[in-house]
$ cat entry-v3.pdb   # PDB, C-alpha atoms and all ligand atoms
ATOM      1  CA  MET A   1       1.943  44.788 -99.963  1.00  0.00           C
ATOM      2  CA  ASN A   2      -0.500  47.646-100.233  1.00  0.00           C
ATOM      3  CA  SER A   3      -3.156  48.014 -97.585  1.00  0.00           C
ATOM      4  CA  LYS A   4      -6.074  47.495 -99.960  1.00  0.00           C
ATOM      5  CA  SER A   5      -4.973  44.018-100.968  1.00  0.00           C
ATOM      6  CA  THR A   6      -4.116  43.238 -97.348  1.00  0.00           C
ATOM      7  CA  ASP A   7      -7.638  44.229 -96.323  1.00  0.00           C
ATOM      8  CA  ALA A   8      -9.168  42.077 -99.056  1.00  0.00           C
ATOM      9  CA  ARG A   9      -7.066  39.077 -98.079  1.00  0.00           C
ATOM     10  CA  LEU A  10      -7.938  39.531 -94.440  1.00  0.00           C
ATOM     11  CA  LYS A  11     -11.633  39.789 -95.214  1.00  0.00           C
ATOM     12  CA  ARG A  12     -11.481  36.585 -97.254  1.00  0.00           C
ATOM     13  CA  ASP A  13      -9.500  34.706 -94.600  1.00  0.00           C
ATOM     14  CA  LEU A  14     -11.930  35.778 -91.879  1.00  0.00           C
ATOM     15  CA  ARG A  15     -14.964  34.768 -93.957  1.00  0.00           C
ATOM     16  CA  ARG A  16     -13.446  31.333 -94.491  1.00  0.00           C
ATOM     17  CA  LEU A  17     -12.611  31.024 -90.831  1.00  0.00           C
ATOM     18  CA  PHE A  18     -16.131  31.996 -89.727  1.00  0.00           C
ATOM     19  CA  ARG A  19     -17.551  29.373 -92.084  1.00  0.00           C
ATOM     20  CA  SER A  20     -15.290  26.739 -90.513  1.00  0.00           C
ATOM     21  CA  MET A  21     -16.248  27.849 -87.012  1.00  0.00           C
ATOM     22  CA  ASP A  22     -19.936  27.673 -87.893  1.00  0.00           C
ATOM     23  CA  PHE A  23     -19.444  24.259 -89.427  1.00  0.00           C
ATOM     24  CA  VAL A  24     -17.710  22.896 -86.340  1.00  0.00           C
ATOM     25  CA  SER A  25     -20.049  24.510 -83.824  1.00  0.00           C
ATOM     26  CA  ARG A  26     -23.154  23.136 -85.555  1.00  0.00           C
ATOM     27  CA  HIS A  27     -21.798  19.659 -86.001  1.00  0.00           C
ATOM     28  CA  PRO A  28     -24.337  17.072 -84.846  1.00  0.00           C
ATOM     29  CA  ALA A  29     -21.605  15.032 -83.108  1.00  0.00           C
ATOM     30  CA  LEU A  30     -21.356  17.798 -80.495  1.00  0.00           C
ATOM     31  CA  LYS A  31     -24.698  16.743 -79.053  1.00  0.00           C
ATOM     32  CA  ARG A  32     -23.157  13.645 -77.497  1.00  0.00           C
ATOM     33  CA  ASP A  33     -20.156  13.337 -75.204  1.00  0.00           C
ATOM     34  CA  THR A  34     -17.937  11.276 -77.438  1.00  0.00           C
ATOM     35  CA  ALA A  35     -14.301  11.294 -78.458  1.00  0.00           C
ATOM     36  CA  GLU A  36     -15.345  12.897 -81.721  1.00  0.00           C
ATOM     37  CA  ALA A  37     -17.203  15.686 -79.909  1.00  0.00           C
ATOM     38  CA  ARG A  38     -14.137  16.383 -77.803  1.00  0.00           C
ATOM     39  CA  ARG A  39     -12.000  16.494 -80.943  1.00  0.00           C
ATOM     40  CA  LEU A  40     -14.408  18.977 -82.513  1.00  0.00           C
ATOM     41  CA  ALA A  41     -14.366  21.137 -79.390  1.00  0.00           C
ATOM     42  CA  GLU A  42     -10.575  21.100 -79.582  1.00  0.00           C
ATOM     43  CA  ILE A  43     -10.677  22.173 -83.229  1.00  0.00           C
ATOM     44  CA  TYR A  44     -13.076  24.979 -82.337  1.00  0.00           C
ATOM     45  CA  GLN A  45     -10.559  26.260 -79.774  1.00  0.00           C
ATOM     46  CA  GLN A  46      -7.843  26.244 -82.438  1.00  0.00           C
ATOM     47  CA  LEU A  47     -10.087  28.148 -84.838  1.00  0.00           C
ATOM     48  CA  ALA A  48     -10.851  30.710 -82.137  1.00  0.00           C
ATOM     49  CA  LEU A  49      -7.136  31.199 -81.717  1.00  0.00           C
ATOM     50  CA  ALA A  50      -6.772  31.782 -85.446  1.00  0.00           C
ATOM     51  CA  TRP A  51      -9.644  34.276 -85.242  1.00  0.00           C
ATOM     52  CA  GLU A  52      -7.843  36.199 -82.502  1.00  0.00           C
ATOM     53  CA  PHE A  53      -4.703  36.291 -84.615  1.00  0.00           C
ATOM     54  CA  LEU A  54      -6.496  37.493 -87.753  1.00  0.00           C
ATOM     55  CA  ALA A  55      -8.485  40.098 -85.802  1.00  0.00           C
ATOM     56  CA  LEU A  56      -5.184  41.633 -84.657  1.00  0.00           C
ATOM     57  CA  GLN A  57      -4.455  42.482 -88.278  1.00  0.00           C
ATOM     58  CA  CYS A  58      -7.807  44.220 -88.718  1.00  0.00           C
ATOM     59  CA  LYS A  59      -7.823  48.015 -88.523  1.00  0.00           C
ATOM     60  CA  HIS A  60     -11.613  47.977 -87.949  1.00  0.00           C
ATOM     61  CA  ARG A  61     -12.171  50.404 -90.813  1.00  0.00           C
ATOM     62  CA  GLY A  62     -15.078  48.528 -92.356  1.00  0.00           C
ATOM     63  CA  GLY A  63     -17.668  49.964 -89.964  1.00  0.00           C
ATOM     64  CA  TRP A  64     -19.482  48.618 -86.928  1.00  0.00           C
ATOM     65  CA  ARG A  65     -22.514  46.433 -86.628  1.00  0.00           C
ATOM     66  CA  LYS A  66     -24.937  46.894 -83.728  1.00  0.00           C
ATOM     67  CA  LEU A  67     -25.388  43.877 -81.511  1.00  0.00           C
ATOM     68  CA  ARG A  68     -28.504  43.042 -79.555  1.00  0.00           C
ATOM     69  CA  ASP A  69     -26.956  43.956 -76.197  1.00  0.00           C
ATOM     70  CA  GLY A  70     -26.159  47.481 -77.394  1.00  0.00           C
ATOM     71  CA  GLU A  71     -22.496  46.829 -78.155  1.00  0.00           C
ATOM     72  CA  SER A  72     -21.015  47.106 -81.614  1.00  0.00           C
ATOM     73  CA  ALA A  73     -18.842  44.614 -83.420  1.00  0.00           C
ATOM     74  CA  CYS A  74     -16.446  45.218 -86.308  1.00  0.00           C
ATOM     75  CA  LYS A  75     -18.133  44.231 -89.564  1.00  0.00           C
ATOM     76  CA  VAL A  76     -14.960  42.614 -90.834  1.00  0.00           C
ATOM     77  CA  CYS A  77     -13.489  40.715 -87.888  1.00  0.00           C
ATOM     78  CA  GLY A  78     -16.236  40.732 -85.257  1.00  0.00           C
ATOM     79  CA  THR A  79     -14.143  42.355 -82.521  1.00  0.00           C
ATOM     80  CA  ILE A  80     -16.303  44.120 -79.936  1.00  0.00           C
ATOM     81  CA  ARG A  81     -15.749  47.858 -79.971  1.00  0.00           C
ATOM     82  CA  GLY A  82     -13.791  49.238 -77.026  1.00  0.00           C
ATOM     83  CA  VAL A  83     -12.597  45.868 -75.765  1.00  0.00           C
ATOM     84  CA  LYS A  84      -8.893  45.906 -74.988  1.00  0.00           C
ATOM     85  CA  GLU A  85      -6.966  43.492 -77.151  1.00  0.00           C
ATOM     86  CA  GLN A  86      -4.607  41.243 -75.233  1.00  0.00           C
ATOM     87  CA  CYS A  87      -1.899  41.105 -77.881  1.00  0.00           C
ATOM     88  CA  LEU A  88      -0.218  43.368 -80.376  1.00  0.00           C
ATOM     89  CA  LEU A  89       0.835  42.480 -83.845  1.00  0.00           C
ATOM     90  CA  LEU A  90       3.997  44.184 -85.089  1.00  0.00           C
ATOM     91  CA  PRO A  91       5.588  44.005 -88.521  1.00  0.00           C
ATOM     92  CA  ARG A  92       9.026  42.386 -88.535  1.00  0.00           C
ATOM     93  CA  GLU A  93      10.317  44.879 -91.112  1.00  0.00           C
ATOM     94  CA  GLY A  94      10.053  48.628 -90.811  1.00  0.00           C
ATOM     95  CA  LYS A  95       8.913  50.945 -88.087  1.00  0.00           C
ATOM     96  CA  LYS A  96       6.891  49.581 -85.196  1.00  0.00           C
ATOM     97  CA  THR A  97       4.337  51.773 -83.478  1.00  0.00           C
ATOM     98  CA  ILE A  98       2.799  51.031 -80.109  1.00  0.00           C
ATOM     99  CA  GLY A  99       0.395  53.578 -78.673  1.00  0.00           C
ATOM    100  CA  ARG A 100       0.386  57.348 -79.086  1.00  0.00           C
ATOM    101  CA  ARG A 101       2.279  60.081 -77.301  1.00  0.00           C
ATOM    102  CA  ALA A 102       0.062  60.313 -74.243  1.00  0.00           C
ATOM    103  CA  LEU A 103       0.205  63.341 -71.959  1.00  0.00           C
ATOM    104  CA  PRO A 104      -1.525  63.898 -68.623  1.00  0.00           C
ATOM    105  CA  ASN A 105      -5.165  64.702 -69.370  1.00  0.00           C
ATOM    106  CA  SER A 106      -6.795  65.628 -66.086  1.00  0.00           C
ATOM    107  CA  LYS A 107      -6.711  68.560 -63.696  1.00  0.00           C
ATOM    108  CA  ARG A 108      -8.278  66.458 -60.997  1.00  0.00           C
ATOM    109  CA  THR A 109      -6.073  65.074 -58.237  1.00  0.00           C
ATOM    110  CA  PHE A 110      -6.370  61.316 -57.978  1.00  0.00           C
ATOM    111  CA  PRO A 111      -6.257  59.579 -54.586  1.00  0.00           C
ATOM    112  CA  ASN A 112      -3.169  57.510 -55.405  1.00  0.00           C
ATOM    113  CA  ARG A 113      -0.543  56.794 -58.038  1.00  0.00           C
ATOM    114  CA  LYS A 114      -2.296  53.731 -59.386  1.00  0.00           C
ATOM    115  CA  ALA A 115      -5.563  55.561 -60.052  1.00  0.00           C
ATOM    116  CA  ALA A 116      -3.630  58.426 -61.661  1.00  0.00           C
ATOM    117  CA  THR A 117      -1.709  56.182 -64.055  1.00  0.00           C
ATOM    118  CA  MET A 118      -2.726  56.573 -67.704  1.00  0.00           C
ATOM    119  CA  VAL A 119       0.126  54.574 -69.180  1.00  0.00           C
ATOM    120  CA  ASN A 120       2.845  52.459 -67.639  1.00  0.00           C
ATOM    121  CA  ASP A 121       4.393  50.288 -70.275  1.00  0.00           C
ATOM    122  CA  THR A 122       7.775  48.719 -70.822  1.00  0.00           C
ATOM    123  CA  ILE A 123       9.433  47.204 -73.845  1.00  0.00           C
ATOM    124  CA  ASP A 124      12.691  45.337 -74.115  1.00  0.00           C
ATOM    125  CA  PHE A 125      13.820  46.296 -77.586  1.00  0.00           C
ATOM    126  CA  HIS A 126      16.844  44.370 -78.868  1.00  0.00           C
ATOM    127  CA  GLY A 127      18.421  44.597 -75.434  1.00  0.00           C
ATOM    128  CA  ALA A 128      17.521  48.235 -74.651  1.00  0.00           C
ATOM    129  CA  LYS A 129      14.817  48.734 -72.050  1.00  0.00           C
ATOM    130  CA  LEU A 130      12.293  51.502 -72.474  1.00  0.00           C
ATOM    131  CA  ASN A 131       9.555  52.483 -70.045  1.00  0.00           C
ATOM    132  CA  VAL A 132       6.905  55.166 -70.484  1.00  0.00           C
ATOM    133  CA  GLU A 133       4.793  56.288 -67.553  1.00  0.00           C
ATOM    134  CA  VAL A 134       2.128  58.992 -67.811  1.00  0.00           C
ATOM    135  CA  LEU A 135       0.564  60.195 -64.600  1.00  0.00           C
ATOM    136  CA  ASN A 136      -2.186  62.631 -63.702  1.00  0.00           C
ATOM    137  CA  PRO A 137      -1.877  64.647 -60.479  1.00  0.00           C
ATOM    138  CA  HIS A 138      -2.206  62.439 -57.420  1.00  0.00           C
ATOM    139  CA  ARG A 139      -1.723  62.272 -53.683  1.00  0.00           C
ATOM    140  CA  SER A 140       1.525  60.781 -52.592  1.00  0.00           C
ATOM    141  CA  ASN A 141       1.524  57.101 -51.648  1.00  0.00           C
ATOM    142  CA  SER A 142       4.238  57.540 -49.079  1.00  0.00           C
ATOM    143  CA  ARG A 143       2.889  57.682 -45.559  1.00  0.00           C
ATOM    144  CA  TRP A 144       5.028  60.638 -44.583  1.00  0.00           C
ATOM    145  CA  PHE A 145       3.876  62.661 -47.570  1.00  0.00           C
ATOM    146  CA  ARG A 146       0.268  61.661 -47.078  1.00  0.00           C
ATOM    147  CA  LYS A 147       0.310  63.002 -43.551  1.00  0.00           C
ATOM    148  CA  HIS A 148       1.313  66.320 -45.043  1.00  0.00           C
ATOM    149  CA  ASP A 149      -1.152  65.944 -47.892  1.00  0.00           C
ATOM    150  CA  TRP A 150       1.348  66.322 -50.693  1.00  0.00           C
ATOM    151  CA  THR A 151       0.220  66.342 -54.267  1.00  0.00           C
ATOM    152  CA  ILE A 152       2.474  64.918 -56.939  1.00  0.00           C
ATOM    153  CA  ALA A 153       2.246  66.894 -60.182  1.00  0.00           C
ATOM    154  CA  ALA A 154       1.154  65.357 -63.451  1.00  0.00           C
ATOM    155  CA  ASP A 155       4.089  64.079 -65.432  1.00  0.00           C
ATOM    156  CA  ARG A 156       5.255  62.111 -68.401  1.00  0.00           C
ATOM    157  CA  LEU A 157       8.263  59.964 -67.510  1.00  0.00           C
ATOM    158  CA  VAL A 158      10.388  58.171 -70.073  1.00  0.00           C
ATOM    159  CA  ARG A 159      13.224  55.929 -68.977  1.00  0.00           C
ATOM    160  CA  LEU A 160      15.733  54.255 -71.237  1.00  0.00           C
ATOM    161  CA  GLU A 161      18.321  51.765 -70.094  1.00  0.00           C
ATOM    162  CA  GLU A 162      21.164  50.634 -72.284  1.00  0.00           C
ATOM    163  CA  GLY A 163      24.268  48.763 -71.202  1.00  0.00           C
ATOM    164  CA  GLY A 164      23.933  49.736 -67.541  1.00  0.00           C
ATOM    165  CA  ILE A 165      23.384  53.447 -68.305  1.00  0.00           C
ATOM    166  CA  GLY A 166      20.001  54.986 -67.595  1.00  0.00           C
ATOM    167  CA  VAL A 167      18.459  58.100 -69.114  1.00  0.00           C
ATOM    168  CA  ARG A 168      15.308  59.563 -67.607  1.00  0.00           C
ATOM    169  CA  PHE A 169      13.117  62.258 -69.107  1.00  0.00           C
ATOM    170  CA  ASP A 170      10.450  64.078 -67.124  1.00  0.00           C
ATOM    171  CA  SER A 171       8.694  67.416 -67.617  1.00  0.00           C
ATOM    172  CA  HIS A 172      11.708  69.447 -66.506  1.00  0.00           C
ATOM    173  CA  LEU A 173      14.883  67.355 -66.568  1.00  0.00           C
ATOM    174  CA  VAL A 174      16.924  64.939 -68.609  1.00  0.00           C
ATOM    175  CA  THR A 175      18.894  62.845 -66.153  1.00  0.00           C
ATOM    176  CA  VAL A 176      21.712  60.489 -67.125  1.00  0.00           C
ATOM    177  CA  GLU A 177      22.812  57.899 -64.610  1.00  0.00           C
ATOM    178  CA  LEU A 178      26.124  56.180 -65.320  1.00  0.00           C
ATOM    179  CA  ARG A 179      26.407  54.510 -61.960  1.00  0.00           C
ATOM    180  CA  LYS A 180      23.344  53.183 -60.213  1.00  0.00           C
ATOM    181  CA  HIS A 181      22.647  54.710 -56.842  1.00  0.00           C
ATOM    182  CA  LYS A 182      22.371  51.824 -54.404  1.00  0.00           C
ATOM    183  CA  ARG A 183      19.837  51.809 -51.607  1.00  0.00           C
ATOM    184  CA  GLY A 184      21.298  52.973 -48.324  1.00  0.00           C
ATOM    185  CA  GLU A 185      24.174  54.718 -50.087  1.00  0.00           C
ATOM    186  CA  MET A 186      24.512  58.455 -49.813  1.00  0.00           C
ATOM    187  CA  PRO A 187      22.831  60.126 -52.786  1.00  0.00           C
ATOM    188  CA  PRO A 188      25.231  61.772 -55.259  1.00  0.00           C
ATOM    189  CA  TYR A 189      26.158  65.457 -55.001  1.00  0.00           C
ATOM    190  CA  SER A 190      24.610  67.828 -57.549  1.00  0.00           C
ATOM    191  CA  HIS A 191      26.123  71.114 -58.698  1.00  0.00           C
ATOM    192  CA  PHE A 192      25.998  73.411 -61.660  1.00  0.00           C
ATOM    193  CA  VAL A 193      29.184  73.278 -63.704  1.00  0.00           C
ATOM    194  CA  SER A 194      30.028  76.896 -62.890  1.00  0.00           C
ATOM    195  CA  GLU A 195      30.049  76.117 -59.188  1.00  0.00           C
ATOM    196  CA  LEU A 196      32.807  73.540 -59.430  1.00  0.00           C
ATOM    197  CA  PRO A 197      36.574  74.081 -59.240  1.00  0.00           C
ATOM    198  CA  ARG A 198      38.634  73.267 -62.309  1.00  0.00           C
ATOM    199  CA  LYS A 199      40.524  70.551 -60.527  1.00  0.00           C
ATOM    200  CA  LEU A 200      37.342  68.648 -59.825  1.00  0.00           C
ATOM    201  CA  LEU A 201      35.993  69.193 -63.333  1.00  0.00           C
ATOM    202  CA  LYS A 202      38.981  67.279 -64.715  1.00  0.00           C
ATOM    203  CA  ASN A 203      37.439  64.116 -63.294  1.00  0.00           C
ATOM    204  CA  PHE A 204      34.350  64.483 -65.431  1.00  0.00           C
ATOM    205  CA  PRO A 205      34.610  63.475 -69.094  1.00  0.00           C
ATOM    206  CA  VAL A 206      31.857  65.810 -70.252  1.00  0.00           C
ATOM    207  CA  MET A 207      31.733  68.215 -73.182  1.00  0.00           C
ATOM    208  CA  LEU A 208      29.128  70.932 -73.313  1.00  0.00           C
ATOM    209  CA  GLN A 209      27.912  71.840 -76.768  1.00  0.00           C
ATOM    210  CA  PHE A 210      26.707  75.217 -77.975  1.00  0.00           C
ATOM    211  CA  ASP A 211      26.206  77.052 -81.235  1.00  0.00           C
ATOM    212  CA  LYS A 212      27.606  80.288 -82.699  1.00  0.00           C
ATOM    213  CA  ARG A 213      25.177  82.347 -80.666  1.00  0.00           C
ATOM    214  CA  ARG A 214      26.268  80.490 -77.534  1.00  0.00           C
ATOM    215  CA  ARG A 215      23.004  78.735 -77.087  1.00  0.00           C
ATOM    216  CA  PHE A 216      23.318  75.453 -75.257  1.00  0.00           C
ATOM    217  CA  THR A 217      22.601  72.643 -77.725  1.00  0.00           C
ATOM    218  CA  GLY A 218      23.546  69.534 -75.798  1.00  0.00           C
ATOM    219  CA  LEU A 219      26.300  67.620 -74.119  1.00  0.00           C
ATOM    220  CA  VAL A 220      28.491  64.621 -74.701  1.00  0.00           C
ATOM    221  CA  ILE A 221      29.524  62.206 -71.999  1.00  0.00           C
ATOM    222  CA  PHE A 222      32.380  59.837 -72.609  1.00  0.00           C
ATOM    223  CA  LYS A 223      31.398  56.456 -71.278  1.00  0.00           C
ATOM    224  CA  PRO A 224      33.386  55.386 -68.258  1.00  0.00           C
ATOM    225  CA  ASP A 225      35.642  52.393 -68.745  1.00  0.00           C
ATOM    226  CA  ARG A 226      33.717  49.331 -67.857  1.00  0.00           C
ATOM    227  CA  LYS A 227      34.935  45.837 -67.513  1.00  0.00           C
ATOM    228  CA  ALA A 228      33.005  43.794 -70.035  1.00  0.00           C
ATOM    229  CA  LYS A 229      30.266  41.903 -68.245  1.00  0.00           C
TER     230      LYS A 229
HETATM  231 ZN    ZN B 301     -12.066  44.521 -87.205  1.00  0.00          ZN
END
$ encode --input "entry-v3.pdb" --output "structure tokens" --more "lines below"
Ligand SMILES: [Zn+2]
Amino acid sequence: MNSKSTDARLKRDLRRLFRSMDFVSRHPALKRDTAEARRLAEIYQQLALAWEFLALQCKHRGGWRKLRDGESACKVCGTIRGVKEQCLLLPREGKKTIGRRALPNSKRTFPNRKAATMVNDTIDFHGAKLNVEVLNPHRSNSRWFRKHDWTIAADRLVRLEEGGIGVRFDSHLVTVELRKHKRGEMPPYSHFVSELPRKLLKNFPVMLQFDKRRRFTGLVIFKPDRKAK
């Protein structure tokens, strides 16, 4: 369906809905506390729900109308400008887009991690878990660090978890975790490949990839054998 006909249909549906809402809200039965009034109030709630659903489909491209209290409302769906919508509407077919690629946007150091957080959002997508966290510079929350007045740098963190394997992207590293580090356990050793003896390297099913000019292009890790869960 092209977007023009979608817009027209949406406009028509909303107009109809607003007429129904007006009709219900002005019904004379509402003046008394009767079973009928309660039924009408119930219907009004249902219509409001339908309004919310239709408004999610609106791209708010039809312009804004000034309200008396200085706010503006979308001319098509009546959504107040700048109000955060509680739900998202995603198409079943095709590519789904949620948000934009946010990057840290402040030089200022925020007092704590929460205040510095621009985005922290997680989606479970067909069994793969994805989390994006974008942080401005902030003071460390940990008491030890705070005593020493440590500042945590701005960062964009992306974590993906699939089948027990985690991949984490930050400003400087791509980290792959095949085996979760448990609390209280000793943290894993870290070494550059060139530092390790051949004998030890044989334990690691990793292939480094590079091109003709010997530029590093990536790596392949063979998944460890896992008993099916
Ligand atoms: Zn709208």
$ residues_near_ligand --input "entry-v3.pdb" --ligand "ligand ZN 301 (chain B)" --cutoff "12 Å" --atoms "all atoms listed in the file" --output "NGL selection string"
:A and (7 or 10-11 or 14 or 51-65 or 72-83 or 85)
$ resolve_selection --input "entry-v3.pdb" --expression "the PyMOL selection byres (((chain A and resi 170) around 8) and not hetatm)" --output "list in words"
Asp155, Arg156, Leu157, Val158, Arg168, Phe169, Ser171, His172, Leu173 and Val174 of chain A
$ residues_near_point --input "entry-v3.pdb" --point "(23.2, 54.2, -64.3)" --cutoff "6 Å" --atoms "all atoms listed in the file" --output "list in words"
Gly164, Ile165, Gly166, Glu177, Leu178, Arg179 and Lys180 of chain A
$ write_last_selection --input "entry-v3.pdb" --atoms "C-alpha atoms" --output "short mmCIF file (atom, residue, chain, number, x, y, z; two decimals), in the coordinates of the input"
data_model
loop_
_atom_site.label_atom_id
_atom_site.label_comp_id
_atom_site.auth_asym_id
_atom_site.auth_seq_id
_atom_site.Cartn_x
_atom_site.Cartn_y
_atom_site.Cartn_z
CA GLY A 164 23.93 49.74 -67.54
CA ILE A 165 23.38 53.45 -68.31
CA GLY A 166 20.00 54.99 -67.60
CA GLU A 177 22.81 57.90 -64.61
CA LEU A 178 26.12 56.18 -65.32
CA ARG A 179 26.41 54.51 -61.96
CA LYS A 180 23.34 53.18 -60.21
#
$ closest_residue --input "entry-v3.pdb" --among "A:Leu103, A:Leu160, A:Ile123, A:Ala48" --to "Val176 in chain A" --atoms "all atoms listed in the file"
A:Leu160
$ axis_aligned_box --input "entry-v3.pdb" --around "range 206-213 of chain A" --padding-each-side "5 Å" --output "JSON"
{"center_x": 28.5, "center_y": 74.1, "center_z": -76.5, "size_x": 16.7, "size_y": 26.5, "size_z": 22.4}
$ resolve_selection --input "entry-v3.pdb" --expression "the PyMOL selection byres (((chain A and resi 204) around 12) and not hetatm)" --output "PyMOL selection string"
chain A and resi 178+193+196-203+205-208+220-224
$ atom_distance --input "entry-v3.pdb" --atom1 "CA of Ala8 in chain A" --atom2 "CA of Leu47 in chain A"
19.9 Å
$ resolve_selection --input "entry-v3.pdb" --expression "the PyMOL selection byres (((chain A and resi 136) around 9) and not hetatm)" --output "PyMOL selection string"
chain A and resi 103-110+113+115-118+134-135+137-138+152-156
